[in-house]
Number of protein chains: 2
Amino acid sequence: MPRRSPPDRAAQATVKDVAAKAGVSISTVSRVLGGTYPVARSTRARVQRAMRELDFVVNAHARALAGTRTQTVALMLDDVTGPFHAAVAKGVEHQASVEGRLCLLCTTHGDPERELAVIELMREQQADAVIVVGGALEEASHRERMTRFAHALDRSGSRLVLCGRPPLGPDVPATVVEYDNQSGAYAITSHLLSAGHRRIALVGVVENLTTTTQRLQGFTEAHRAHGLEPDPDLVVHGQFTRTSGYEMTKKLIAAGARFTGIVAATDIVATGVLHALREANLRVPEDVSVVGYDDIPQAFDLVPALTTVHVPHEELGKTAVRLAVHRDTEPTQHVTLGTHVVVRQSTGPPRTAQ
Amino acid sequence: MPRRSPPDRAAQATVKDVAAKAGVSISTVSRVLGGTYPVARSTRARVQRAMRELDFVVNAHARALAGTRTQTVALMLDDVTGPFHAAVAKGVEHQASVEGRLCLLCTTHGDPERELAVIELMREQQADAVIVVGGALEEASHRERMTRFAHALDRSGSRLVLCGRPPLGPDVPATVVEYDNQSGAYAITSHLLSAGHRRIALVGVVENLTTTTQRLQGFTEAHRAHGLEPDPDLVVHGQFTRTSGYEMTKKLIAAGARFTGIVAATDIVATGVLHALREANLRVPEDVSVVGYDDIPQAFDLVPALTTVHVPHEELGKTAVRLAVHRDTEPTQHVTLGTHVVVRQSTGPPRTAQ
DNA sequence: TTGAAAGCGCTAACAT
DNA sequence: ATGTTAGCGCTTTCAA
């Protein structure tokens, strides 16, 4: 009895239409669509011709509803514009397409509320994996909610993937693809220390963000390995932005801080650091050595070219998809990809022995 | 009688489960889901509690199938990694979320075959708009196929959106959001010409790509407006990459070409140009002035900061979504956004009067 | 090899 | 304000 008024646009052809046109049943049409079931050559040809003539395409929603799984992978990031995230996105999209999946994109603009809302949305979409990229807030309530989502996703046959973010706990069903933030920071700080630097600033520590907490740790440990303790005055809090890097450096200089090296929390931050240094007529690396973290493409084009920690962004994204999609056969659902220091022109020995 | 074997994972709760738990009918559940229909406060509360307890989320596919439209917008680009495309993607994603739509992401890696395949996929997904970003191949066969897809999408109630790419023709149902490539190239070339440059190279012309064809046109017209004709030897073909920019410039120098200005086809190309120039000990802008096109964020951080044409990338993406989604009420389905020259440090008067 | 029919989870008439 | 029911377009038994 029911039936809404017909759509105002011409309706799209359905299996029914194709079946009618080809003079077969809809099951037969479905069979040639699936391709796995035997159908007589001539029948198949007839059906395919009907499809072509009617300009038919299957309705992915109907298919998802009737079939078992959707074929989508959801990607959630702060901002596509950041070179870090864009590179991860590229890897995700690539691997998704290799695995025959579509990629759903959502951005959160760093809002943890929205992050959780988006996961909910993805659950509605029946995505077979929800990949969350970038550092997480170190807040108990947020962790808890994330954990709940991990379970919820698991229950609905989906999977939470933490990409570039630490695990939530041993019993939480989630795939984790990390890179070693702490070692990277340790290595790059050691690079500076070994060159003779003793007063090194760490610029761009973001409050409560796992990423910076880990980098700060590596920074500190490297100092201790050299029998030093970092000067708290040289640890500057800010954001992962160019502007923040610029301003933090300005402030540092204005405060008369003594330093011969700067570890920027990210390459983007380093960009601002270099700018501030140039304005202050401090030469890099003669007066101050500068390093970044990420190895984004443009690190190479900065003047001087930036010494930094290479993070395998694309690999991170690819691995995330691969592990999640094959989680039934892939035993290890937690990997840590390696990073390495890339030495370029922004570092050298300190000017004065100290 | 039928029924496939139960899924191996615990099933997700459905409206039926919620209805049972709350002691109401599934319609009532559907009503509180939709939120538009009156439901008694107490009933609603009971249903919502049941949902929470069962950890229920609607199945977007079932919804799409039963309801009228899906709520997705598809975005297709070459490569998320390019700053140009990333910025457009940001605009698209943002506006999609404003309009309550999800964003499907697909990359084509410049493969026109894949581009067409992806459009087909999007049609299956019932996306209410398919946004294609970036220049198109100037090939009759490709144009034809695109036109066919525009019609096919239109027939299924969806919409093709060409973003940063010229229209396919007057009768093709597609939304077009362009920016003026030719004027931009005209303006930036004029900037150089007015400063006194007479021998200007155009570096990075991609064969058969609408974008470069238009930029070359603007470049040529600006010359003519100054009573000049561009020297064909100074028009160098290549790709939109850093490496290509680097190599083209090397070649130009090696060939002993005389020039005091370089128009790079894009900012990325300009990056390579600057690098090659630096290697050849040519100062910018004292010996050679360099300009780019796009105004990507890092144009500001190059040394010297790059004079370029600002393209409103994000706006491009937002407008694309807005026009497509509201195509029933938005009369104009073809807009051209403005660009403007941003003068920075990479340009100046030529060294020698000539 | 093909057809008939049930049902995926939901919405929207049509009844109360 | 709430329940009943018929599909949305497809896949998948089951029967022939």
# chains A, B, ... in the order shown; residues from 1 in each chain; ligands from 1
$ closest_atom_pairs --of "chain A" --to "chain D" --cutoff "6 Å" --atoms "only C-alpha atoms (C1' of nucleotides)" --output "Markdown table"
| residue | atom | partner | partner_atom | distance |
| --- | --- | --- | --- | --- |
| A:Pro2 | CA | D:DA6 | C1' | 5.8 |
| A:Ala62 | CA | D:DC10 | C1' | 4.9 |
| A:Arg63 | CA | D:DC10 | C1' | 5.1 |
| A:Ala66 | CA | D:DT11 | C1' | 5.4 |
| A:Gly67 | CA | D:DT11 | C1' | 5.9 |
$ write_last_selection --atoms "C-alpha atoms" --output "PDB file, in the first residue's frame"
ATOM      1  CA  PRO A   2       2.657   2.513   0.928  1.00  0.00           C
ATOM      2  CA  ALA A  62      21.536  -2.267  -1.325  1.00  0.00           C
ATOM      3  CA  ARG A  63      24.528  -4.446  -1.841  1.00  0.00           C
ATOM      4  CA  ALA A  66      22.079  -7.618   1.524  1.00  0.00           C
ATOM      5  CA  GLY A  67      25.681  -8.725   1.541  1.00  0.00           C
TER       6      GLY A  67
END
$ interface_residues --of "chain A" --to "chain B" --cutoff "6 Å" --atoms "only C-alpha atoms" --output "PyMOL selection string"
chain A and resi 9-10+12+57-61+80-81+86-87+90+103-105+124-125+155-157
$ write_last_selection --atoms "C-alpha atoms" --output "compact mmCIF listing (two decimals), in the first residue's frame"
# COMPACT_ATOMS: atom_id res chain seq x y z
CA ARG A 9 14.58 12.85 -11.14
CA ALA A 10 14.42 9.97 -13.55
CA GLN A 12 18.15 4.84 -11.91
CA VAL A 57 25.21 0.48 -11.93
CA VAL A 58 24.65 -1.53 -8.78
CA ASN A 59 23.45 0.30 -5.74
CA ALA A 60 26.26 -0.03 -3.25
CA HIS A 61 23.89 0.50 -0.35
CA VAL A 80 44.29 17.34 5.30
CA THR A 81 46.40 20.37 4.69
CA ALA A 86 48.36 14.38 3.77
CA ALA A 87 51.15 11.85 3.36
CA LYS A 90 47.95 9.15 0.60
CA CYS A 103 38.09 5.68 1.54
CA LEU A 104 35.89 7.90 3.66
CA LEU A 105 37.54 11.12 4.78
CA GLU A 124 26.88 4.02 10.98
CA GLN A 125 28.62 3.71 7.66
CA ARG A 155 31.35 -5.58 18.28
CA SER A 156 29.97 -4.40 14.96
CA GLY A 157 32.74 -6.18 13.12
$ interface_residues --of "chain C" --to "chain B" --cutoff "9 Å" --atoms "only C-alpha atoms (C1' of nucleotides)" --output "list in words"
DA5, DA6, DG7, DC8, DG9, DC10, DT11 and DA12 of chain C
$ select_by_dssp --residues "stretch 46-247 of chain B" --states "strand (DSSP E or B)" --output "VMD selection string"
chain B and resid 72 to 77 102 to 107 129 to 133 137 160 to 163 174 to 179 200 to 205 209 235 to 237
$ write_last_selection --atoms "N, CA and C atoms" --output "compact mmCIF listing (two decimals), in the first residue's frame"
# COMPACT_ATOMS: atom_id res chain seq x y z
N THR B 72 26.43 11.73 0.86
CA THR B 72 27.87 11.72 0.62
C THR B 72 28.23 12.56 -0.59
N VAL B 73 29.40 13.11 -0.50
CA VAL B 73 29.94 13.89 -1.58
C VAL B 73 31.27 13.21 -1.89
N ALA B 74 31.52 12.97 -3.16
CA ALA B 74 32.75 12.28 -3.52
C ALA B 74 33.78 13.26 -4.05
N LEU B 75 35.00 13.07 -3.63
CA LEU B 75 36.08 13.95 -4.04
C LEU B 75 37.13 13.14 -4.77
N MET B 76 37.50 13.61 -5.92
CA MET B 76 38.45 12.87 -6.72
C MET B 76 39.62 13.76 -7.05
N LEU B 77 40.81 13.37 -6.68
CA LEU B 77 41.96 14.17 -7.07
C LEU B 77 43.15 13.30 -7.42
N LEU B 102 28.98 13.36 4.27
CA LEU B 102 30.26 12.71 4.44
C LEU B 102 31.04 12.86 3.14
N CYS B 103 32.33 12.70 3.24
CA CYS B 103 33.18 12.92 2.08
C CYS B 103 33.94 11.66 1.71
N LEU B 104 33.74 11.23 0.50
CA LEU B 104 34.41 10.04 -0.02
C LEU B 104 35.64 10.50 -0.80
N LEU B 105 36.79 9.92 -0.51
CA LEU B 105 38.02 10.37 -1.16
C LEU B 105 38.61 9.33 -2.09
N CYS B 106 38.95 9.74 -3.30
CA CYS B 106 39.59 8.83 -4.24
C CYS B 106 40.68 9.56 -4.98
N THR B 107 41.79 8.89 -5.18
CA THR B 107 42.84 9.54 -5.95
C THR B 107 43.07 8.77 -7.24
N ALA B 129 27.15 14.18 -5.19
CA ALA B 129 27.96 14.99 -6.08
C ALA B 129 29.32 14.31 -6.24
N VAL B 130 29.87 14.42 -7.40
CA VAL B 130 31.21 13.87 -7.64
C VAL B 130 32.08 15.04 -8.09
N ILE B 131 33.02 15.40 -7.23
CA ILE B 131 33.84 16.57 -7.49
C ILE B 131 35.20 16.16 -8.04
N VAL B 132 35.48 16.63 -9.22
CA VAL B 132 36.74 16.28 -9.88
C VAL B 132 37.64 17.50 -9.82
N VAL B 133 38.81 17.34 -9.22
CA VAL B 133 39.69 18.49 -9.01
C VAL B 133 40.91 18.47 -9.92
N LEU B 137 42.78 16.46 -19.18
CA LEU B 137 43.46 16.20 -20.43
C LEU B 137 42.63 16.78 -21.57
N LEU B 160 27.96 15.97 -11.50
CA LEU B 160 29.39 16.06 -11.73
C LEU B 160 29.82 17.50 -11.47
N VAL B 161 30.89 17.68 -10.72
CA VAL B 161 31.40 19.03 -10.47
C VAL B 161 32.83 19.11 -10.95
N LEU B 162 33.08 20.04 -11.84
CA LEU B 162 34.43 20.25 -12.34
C LEU B 162 35.04 21.39 -11.56
N CYS B 163 36.11 21.11 -10.87
CA CYS B 163 36.68 22.09 -9.97
C CYS B 163 38.09 22.43 -10.45
N ALA B 174 26.62 19.75 -15.62
CA ALA B 174 27.72 19.70 -14.66
C ALA B 174 27.87 21.06 -14.01
N THR B 175 28.35 21.05 -12.78
CA THR B 175 28.63 22.29 -12.08
C THR B 175 30.10 22.60 -12.31
N VAL B 176 30.41 23.84 -12.57
CA VAL B 176 31.80 24.19 -12.84
C VAL B 176 32.26 25.30 -11.90
N VAL B 177 33.33 25.05 -11.19
CA VAL B 177 33.92 26.08 -10.34
C VAL B 177 35.36 26.26 -10.80
N GLU B 178 35.58 27.35 -11.50
CA GLU B 178 36.91 27.60 -12.04
C GLU B 178 37.58 28.75 -11.32
N TYR B 179 38.83 28.94 -11.62
CA TYR B 179 39.50 30.19 -11.26
C TYR B 179 40.17 30.58 -12.55
N ILE B 200 61.62 36.41 -20.78
CA ILE B 200 61.02 35.66 -19.68
C ILE B 200 60.77 34.22 -20.10
N ALA B 201 61.20 33.30 -19.26
CA ALA B 201 60.98 31.88 -19.56
C ALA B 201 59.70 31.40 -18.90
N LEU B 202 59.03 30.48 -19.56
CA LEU B 202 57.86 29.83 -18.96
C LEU B 202 58.25 28.37 -18.78
N VAL B 203 58.28 27.96 -17.54
CA VAL B 203 58.82 26.64 -17.22
C VAL B 203 57.76 25.72 -16.64
N GLY B 204 57.58 24.54 -17.25
CA GLY B 204 56.63 23.57 -16.70
C GLY B 204 55.34 23.46 -17.46
N VAL B 205 55.40 23.62 -18.76
CA VAL B 205 54.19 23.49 -19.57
C VAL B 205 53.92 22.00 -19.76
N LEU B 209 47.34 19.66 -21.12
CA LEU B 209 46.62 19.83 -19.87
C LEU B 209 45.96 21.21 -19.92
N VAL B 235 60.06 28.63 -23.73
CA VAL B 235 58.88 27.92 -23.23
C VAL B 235 59.27 26.44 -23.06
N VAL B 236 59.41 26.03 -21.81
CA VAL B 236 59.94 24.70 -21.55
C VAL B 236 58.85 23.75 -21.05
N HIS B 237 58.78 22.61 -21.69
CA HIS B 237 57.77 21.62 -21.31
C HIS B 237 58.29 20.70 -20.21
$ atom_distance --atom1 "atom CA of B:Thr189" --atom2 "atom CA of B:Ala257"
18.5 Å
$ calpha_fit_rmsd --fixed "chain A" --moving "chain B"
0.2 Å
$ residues_around --residues "C:DT1" --least-positions-apart "3" --cutoff "9 Å" --atoms "only C-alpha atoms (C1' of nucleotides)" --output "list in words"
Pro38, Val39 and Ala40 of chain A
$ atom_distance --atom1 "atom CA of A:His310" --atom2 "atom CA of A:Gln217"
18.1 Å
$ select_by_dssp --residues "stretch 177-342 of chain A" --states "alpha helix (DSSP H)" --output "PyMOL selection string"
chain A and resi 181-194+210-225+242-254+267-279+313-325
$ write_last_selection --atoms "C-alpha atoms" --output "mmCIF file, in the first residue's frame"
data_model
loop_
_atom_site.group_PDB
_atom_site.id
_atom_site.type_symbol
_atom_site.label_atom_id
_atom_site.label_comp_id
_atom_site.auth_asym_id
_atom_site.auth_seq_id
_atom_site.Cartn_x
_atom_site.Cartn_y
_atom_site.Cartn_z
ATOM 1 C CA ASN A 181 58.595 9.244 18.681
ATOM 2 C CA GLN A 182 60.867 8.871 21.621
ATOM 3 C CA SER A 183 63.768 7.231 19.789
ATOM 4 C CA GLY A 184 63.522 9.741 17.023
ATOM 5 C CA ALA A 185 63.730 12.600 19.462
ATOM 6 C CA TYR A 186 66.536 10.836 21.254
ATOM 7 C CA ALA A 187 68.489 10.383 18.040
ATOM 8 C CA ILE A 188 68.084 13.900 16.760
ATOM 9 C CA THR A 189 68.938 15.408 20.128
ATOM 10 C CA SER A 190 71.991 13.178 20.333
ATOM 11 C CA HIS A 191 73.013 14.401 16.912
ATOM 12 C CA LEU A 192 73.151 17.899 18.315
ATOM 13 C CA LEU A 193 74.759 16.832 21.573
ATOM 14 C CA SER A 194 77.448 14.866 19.768
ATOM 15 C CA THR A 210 51.056 12.056 23.368
ATOM 16 C CA THR A 211 53.313 13.017 20.496
ATOM 17 C CA THR A 212 55.084 15.784 22.334
ATOM 18 C CA THR A 213 55.212 13.971 25.606
ATOM 19 C CA GLN A 214 57.160 11.229 23.900
ATOM 20 C CA ARG A 215 59.423 13.610 22.043
ATOM 21 C CA LEU A 216 60.143 15.492 25.224
ATOM 22 C CA GLN A 217 61.062 12.212 26.828
ATOM 23 C CA GLY A 218 63.520 11.338 24.079
ATOM 24 C CA PHE A 219 64.945 14.834 24.300
ATOM 25 C CA THR A 220 65.475 14.473 28.029
ATOM 26 C CA GLU A 221 66.963 11.010 27.840
ATOM 27 C CA ALA A 222 69.473 12.034 25.242
ATOM 28 C CA HIS A 223 70.629 14.760 27.576
ATOM 29 C CA ARG A 224 70.972 12.340 30.449
ATOM 30 C CA ALA A 225 72.932 9.934 28.300
ATOM 31 C CA ARG A 242 54.626 27.827 11.751
ATOM 32 C CA THR A 243 53.405 30.883 13.582
ATOM 33 C CA SER A 244 53.873 29.272 16.938
ATOM 34 C CA GLY A 245 57.435 28.289 16.031
ATOM 35 C CA TYR A 246 58.116 31.825 14.958
ATOM 36 C CA GLU A 247 56.741 33.359 18.104
ATOM 37 C CA MET A 248 58.308 30.930 20.524
ATOM 38 C CA THR A 249 61.694 31.618 19.011
ATOM 39 C CA LYS A 250 61.167 35.360 19.139
ATOM 40 C CA LYS A 251 60.278 35.073 22.778
ATOM 41 C CA LEU A 252 63.273 32.918 23.522
ATOM 42 C CA ILE A 253 65.576 35.441 21.927
ATOM 43 C CA ALA A 254 63.860 38.372 23.597
ATOM 44 C CA ASP A 267 59.232 20.555 10.631
ATOM 45 C CA ILE A 268 56.398 23.032 10.356
ATOM 46 C CA VAL A 269 57.430 24.521 13.673
ATOM 47 C CA ALA A 270 61.035 24.552 12.436
ATOM 48 C CA THR A 271 59.928 26.668 9.514
ATOM 49 C CA GLY A 272 58.813 29.381 11.892
ATOM 50 C CA VAL A 273 61.955 28.960 13.951
ATOM 51 C CA LEU A 274 64.169 29.521 10.931
ATOM 52 C CA HIS A 275 62.208 32.599 10.028
ATOM 53 C CA ALA A 276 62.571 34.128 13.488
ATOM 54 C CA LEU A 277 66.269 33.336 13.531
ATOM 55 C CA ARG A 278 66.780 34.969 10.155
ATOM 56 C CA GLU A 279 64.990 38.067 11.364
ATOM 57 C CA HIS A 313 54.208 8.636 6.689
ATOM 58 C CA GLU A 314 52.919 6.839 3.666
ATOM 59 C CA GLU A 315 54.057 3.513 5.011
ATOM 60 C CA LEU A 316 52.201 4.314 8.205
ATOM 61 C CA GLY A 317 48.978 4.758 6.273
ATOM 62 C CA LYS A 318 49.468 1.688 4.124
ATOM 63 C CA THR A 319 50.299 -0.498 7.071
ATOM 64 C CA ALA A 320 47.271 0.745 8.963
ATOM 65 C CA VAL A 321 44.935 -0.365 6.200
ATOM 66 C CA ARG A 322 46.723 -3.608 5.529
ATOM 67 C CA LEU A 323 46.743 -4.749 9.131
ATOM 68 C CA ALA A 324 43.156 -3.755 9.740
ATOM 69 C CA VAL A 325 41.759 -5.321 6.616
#
$ atom_distance --atom1 "atom CA of B:Leu228" --atom2 "atom CA of B:Gly292"
21.2 Å
$ decode --residues "stretch 1-13 of chain C" --atoms "C-alpha atoms (C1' of nucleotides)" --output "PDB file, in the first residue's frame"
ATOM      1  C1'  DT C   1      21.713 -23.283 -15.484  1.00  0.00           C
ATOM      2  C1'  DT C   2      17.846 -20.700 -13.890  1.00  0.00           C
ATOM      3  C1'  DG C   3      13.794 -18.939 -11.084  1.00  0.00           C
ATOM      4  C1'  DA C   4      11.095 -17.943  -6.727  1.00  0.00           C
ATOM      5  C1'  DA C   5      11.132 -15.993  -2.514  1.00  0.00           C
ATOM      6  C1'  DA C   6      12.921 -14.483   1.881  1.00  0.00           C
ATOM      7  C1'  DG C   7      15.111 -10.983   4.151  1.00  0.00           C
ATOM      8  C1'  DC C   8      19.289  -7.385   5.140  1.00  0.00           C
ATOM      9  C1'  DG C   9      17.721  -2.627   8.457  1.00  0.00           C
ATOM     10  C1'  DC C  10      15.399   0.960   7.751  1.00  0.00           C
ATOM     11  C1'  DT C  11      11.534   4.664   6.395  1.00  0.00           C
ATOM     12  C1'  DA C  12       7.075   6.167   5.284  1.00  0.00           C
ATOM     13  C1'  DA C  13       2.574   5.693   4.058  1.00  0.00           C
TER      14       DA C  13
END
